[in-house]
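Colleague: Okay, handing you the structure first.
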Amino acid sequence: MVEKDAVRRGYDGLAEAYAADRSEDGLGTEVLAQFLGDLPESAHVLDAGCGQGTPVLRDLTASATATGVDISRAQLELAAESVPDAALAQGDMAALPFRDGVFDAAIAYHSLIHVPKGHHQDVVDEFARVLTDDGRLLVSEGPTEWSGANPDWLDTGVEMQWHIAGVAATRDHLRNAGFVVEREWNTPESVDKEDERWVFLSARVADDD
Ligand SMILES: C[S@@+](CC[C@H](N)C(=O)[O-])C[C@H]1O[C@@H](n2cnc3c(N)ncnc32)[C@H](O)[C@@H]1O
């Protein structure tokens, strides 16, 4: 698919620049810490769109089993350096290369926002498939729908695309896939970017009973 190739090529071309620019001073880091803190110590966690391996894979407890998946080879090479103990796989979040029911939790931190809109439901369905019966999910999304591209992102001369479904559509995708949304946070990207906001949704695979 043309849009996915553009995102993969983009991250292959600017992986180092993205890692250098990645801010961790926003409330997203606190949301992630809360989510990880609620997981069992030995949880098997999937970081979907793991990028350079930070912050998710890096912040897992030593007893957790960490698996990262990303579409970009260059991003995975950085993740292998920063989190040598994590299992890493190159793949597409919309067709995860894992068996059913093998993860206790999955996290998509700023990665679903790059998936072409027609595939957001596929991604969320895949999360439901690979999670255990009581599995937990954390995703970040934009507050409202937006698609666009930057031909020179981070001054690299490399194009990047975003396909943000917005929080209302994402709630629907989660419910359609059988998740119950447990909590939402609306946070600024960083302390000095109050108007650039992200929504984090935590959800649980619904009990069938
Ligand atoms: C903004 S980076 C986020 C990286 C990291 N999770 C973080 O919080 O900094 C988005 C990552 O999602 C990956 N990605 C985008 N679309 C993907 C897809 N369809 N399947 C797997 N990974 C994807 C990109 O290659 C990139 O590494």
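Following the order of the structure tokens, first chain is A, next is B, and so on, with residues numbered from 1 inside each chain and ligands from 1 in the order they appear.
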Residues within 9 Å of ligand 1 should be enumerated using only C-alpha atoms and all ligand atoms and returned as a ChimeraX atom specification.
Modeller: /A:4-5,7-12,15,18-19,22-24,47-57,69-76,90-96,107-116,119,123
Colleague: Set out as CSV a contact list for range 26-88 of chain A and range 130-142 of chain A with a cut-off of 9 Å, giving each residue of range 26-88 of chain A that qualifies its closest atom pair and distance in Å to one decimal, counting only C-alpha atoms, ordered by chain and rising residue number.
Modeller:
```
residue,atom,partner,partner_atom,distance
A:Gly28,CA,A:Ser140,CA,8.6
A:Leu32,CA,A:Leu138,CA,8.1
A:Phe35,CA,A:Leu138,CA,7.5
A:Leu39,CA,A:Arg136,CA,8.4
```
Colleague: Looking only at helix (DSSP H, G or I) from DSSP on the backbone, list the matching residues of chain A as an MDAnalysis selection string.
Modeller: chainID A and resid 2:21 27:37 56:59 73:82 112:114 117:130 153:155 167:176
Colleague: Would you list the contacts of Val31 in chain A as a VMD selection string, taking every protein, DNA or RNA residue within 10 Å and counting only C-alpha atoms, but skipping same-chain residues closer than 2 positions in sequence?
Modeller: chain A and resid 26 to 29 33 to 37 138 184 to 185 187 200 to 202
Colleague: Output N, CA, C and O atoms of each residue in that selection to a file, as a short mmCIF file (atom, residue, chain, number, x, y, z; two decimals), in the first residue's frame.
Modeller:
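Wrote selection02.cif, looks like this:
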```
data_model
loop_
_atom_site.label_atom_id
_atom_site.label_comp_id
_atom_site.auth_asym_id
_atom_site.auth_seq_id
_atom_site.Cartn_x
_atom_site.Cartn_y
_atom_site.Cartn_z
N GLY A 26 6.30 15.09 28.28
CA GLY A 26 4.85 15.26 28.31
C GLY A 26 4.20 14.30 29.29
O GLY A 26 4.84 13.39 29.83
N LEU A 27 2.89 14.50 29.50
CA LEU A 27 2.17 13.63 30.43
C LEU A 27 2.03 12.20 29.90
O LEU A 27 1.71 11.29 30.66
N GLY A 28 2.28 12.01 28.60
CA GLY A 28 2.22 10.67 28.03
C GLY A 28 3.14 9.71 28.77
O GLY A 28 2.82 8.54 28.96
N THR A 29 4.28 10.21 29.20
CA THR A 29 5.22 9.37 29.93
C THR A 29 4.61 8.92 31.26
O THR A 29 4.79 7.77 31.68
N ALA A 33 3.66 5.14 32.45
CA ALA A 33 4.13 4.59 33.73
C ALA A 33 2.95 4.00 34.53
O ALA A 33 3.06 2.92 35.11
N GLN A 34 1.81 4.71 34.52
CA GLN A 34 0.62 4.18 35.24
C GLN A 34 0.17 2.87 34.63
O GLN A 34 -0.14 1.91 35.32
N PHE A 35 0.11 2.84 33.29
CA PHE A 35 -0.36 1.63 32.59
C PHE A 35 0.57 0.46 32.90
O PHE A 35 0.12 -0.63 33.25
N LEU A 36 1.89 0.70 32.76
CA LEU A 36 2.85 -0.39 33.01
C LEU A 36 2.81 -0.82 34.47
O LEU A 36 2.92 -2.00 34.77
N GLY A 37 2.60 0.16 35.37
CA GLY A 37 2.57 -0.15 36.80
C GLY A 37 1.41 -1.04 37.19
O GLY A 37 1.46 -1.74 38.20
N LEU A 138 -3.12 -0.05 25.48
CA LEU A 138 -2.97 1.41 25.59
C LEU A 138 -2.63 1.94 24.20
O LEU A 138 -1.68 1.47 23.57
N GLU A 184 -9.48 7.38 29.78
CA GLU A 184 -8.92 8.25 28.74
C GLU A 184 -8.19 9.40 29.40
O GLU A 184 -8.63 9.90 30.43
N TRP A 185 -7.10 9.81 28.79
CA TRP A 185 -6.35 10.99 29.23
C TRP A 185 -6.20 11.91 28.02
O TRP A 185 -5.91 11.43 26.92
N THR A 187 -3.81 14.88 26.96
CA THR A 187 -2.60 15.50 27.50
C THR A 187 -1.86 16.30 26.44
O THR A 187 -1.88 15.94 25.27
N PHE A 200 -4.88 9.44 25.16
CA PHE A 200 -4.49 8.05 25.42
C PHE A 200 -5.74 7.31 25.90
O PHE A 200 -6.48 7.82 26.74
N LEU A 201 -5.98 6.14 25.33
CA LEU A 201 -7.12 5.31 25.76
C LEU A 201 -6.57 3.99 26.29
O LEU A 201 -5.76 3.34 25.61
N SER A 202 -6.99 3.62 27.50
CA SER A 202 -6.65 2.28 27.96
C SER A 202 -7.93 1.46 27.92
O SER A 202 -9.02 1.95 28.23
#
```
Colleague: Which neighbours of Ala206 in chain A fall inside 6 Å, counting only C-alpha atoms, when residues of the same chain fewer than 3 positions from it are skipped, and could you give them as number ranges by chain?
Modeller: A: 178-180
Colleague: Next, write the just-selected residues to a file, as a short mmCIF file (atom, residue, chain, number, x, y, z; two decimals), in the first residue's frame, keeping N, CA, C and O atoms as the atom set.
Modeller:
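This went into selection_33.cif:
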```cif
data_model
loop_
_atom_site.label_atom_id
_atom_site.label_comp_id
_atom_site.auth_asym_id
_atom_site.auth_seq_id
_atom_site.Cartn_x
_atom_site.Cartn_y
_atom_site.Cartn_z
N GLY A 178 -14.29 -5.60 20.51
CA GLY A 178 -14.58 -6.32 21.76
C GLY A 178 -13.85 -5.77 22.96
O GLY A 178 -13.76 -6.45 24.00
N PHE A 179 -13.30 -4.56 22.87
CA PHE A 179 -12.64 -3.94 24.03
C PHE A 179 -13.65 -3.10 24.82
O PHE A 179 -14.60 -2.54 24.25
N VAL A 180 -13.39 -2.99 26.12
CA VAL A 180 -14.08 -2.01 26.96
C VAL A 180 -13.07 -0.91 27.26
O VAL A 180 -11.97 -1.20 27.77
#
```
Colleague: May I ask for the distance between CA of Ala79 in chain A and CA of His173 in chain A, given in Å to one decimal place?
Modeller: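 CA of Ala79 in chain A sits 28.7 Å away from CA of His173 in chain A.
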Colleague: Which of these residues is nearest to Asn176 in chain A, using only C-alpha atoms: A:Asp125, A:Glu145, A:Asp21, A:Asp155?
Modeller: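 Ranked by minimum distance to Asn176 in chain A, first place goes to A:Asp125.
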Colleague: If I take CA of Ala106 in chain A and CA of Val199 in chain A, how far is one from the other in Å, to one decimal?
Modeller: 16.4 Å
Colleague: To one decimal place in Å, what is the distance between CA of Ala86 in chain A and CA of Ala62 in chain A?
Modeller: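 Calculated distance between CA of Ala86 in chain A and CA of Ala62 in chain A is 10.5 Å.
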Colleague: Rank nothing, just name the residue among A:Val2, A:Gln121, A:Asp207, A:Pro188 nearest to Glu30 in chain A, using only C-alpha atoms.
Modeller: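 Looking at the shortest contact to Glu30 in chain A, the residue is A:Pro188.
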Colleague: Write out as a ChimeraX atom specification the set of residues from range 35-152 of chain A that DSSP, computed on the backbone, places in strand (DSSP E or B).
Modeller: /A:44-48,65-70,87-90,92,95,103-108,131-141,146-150
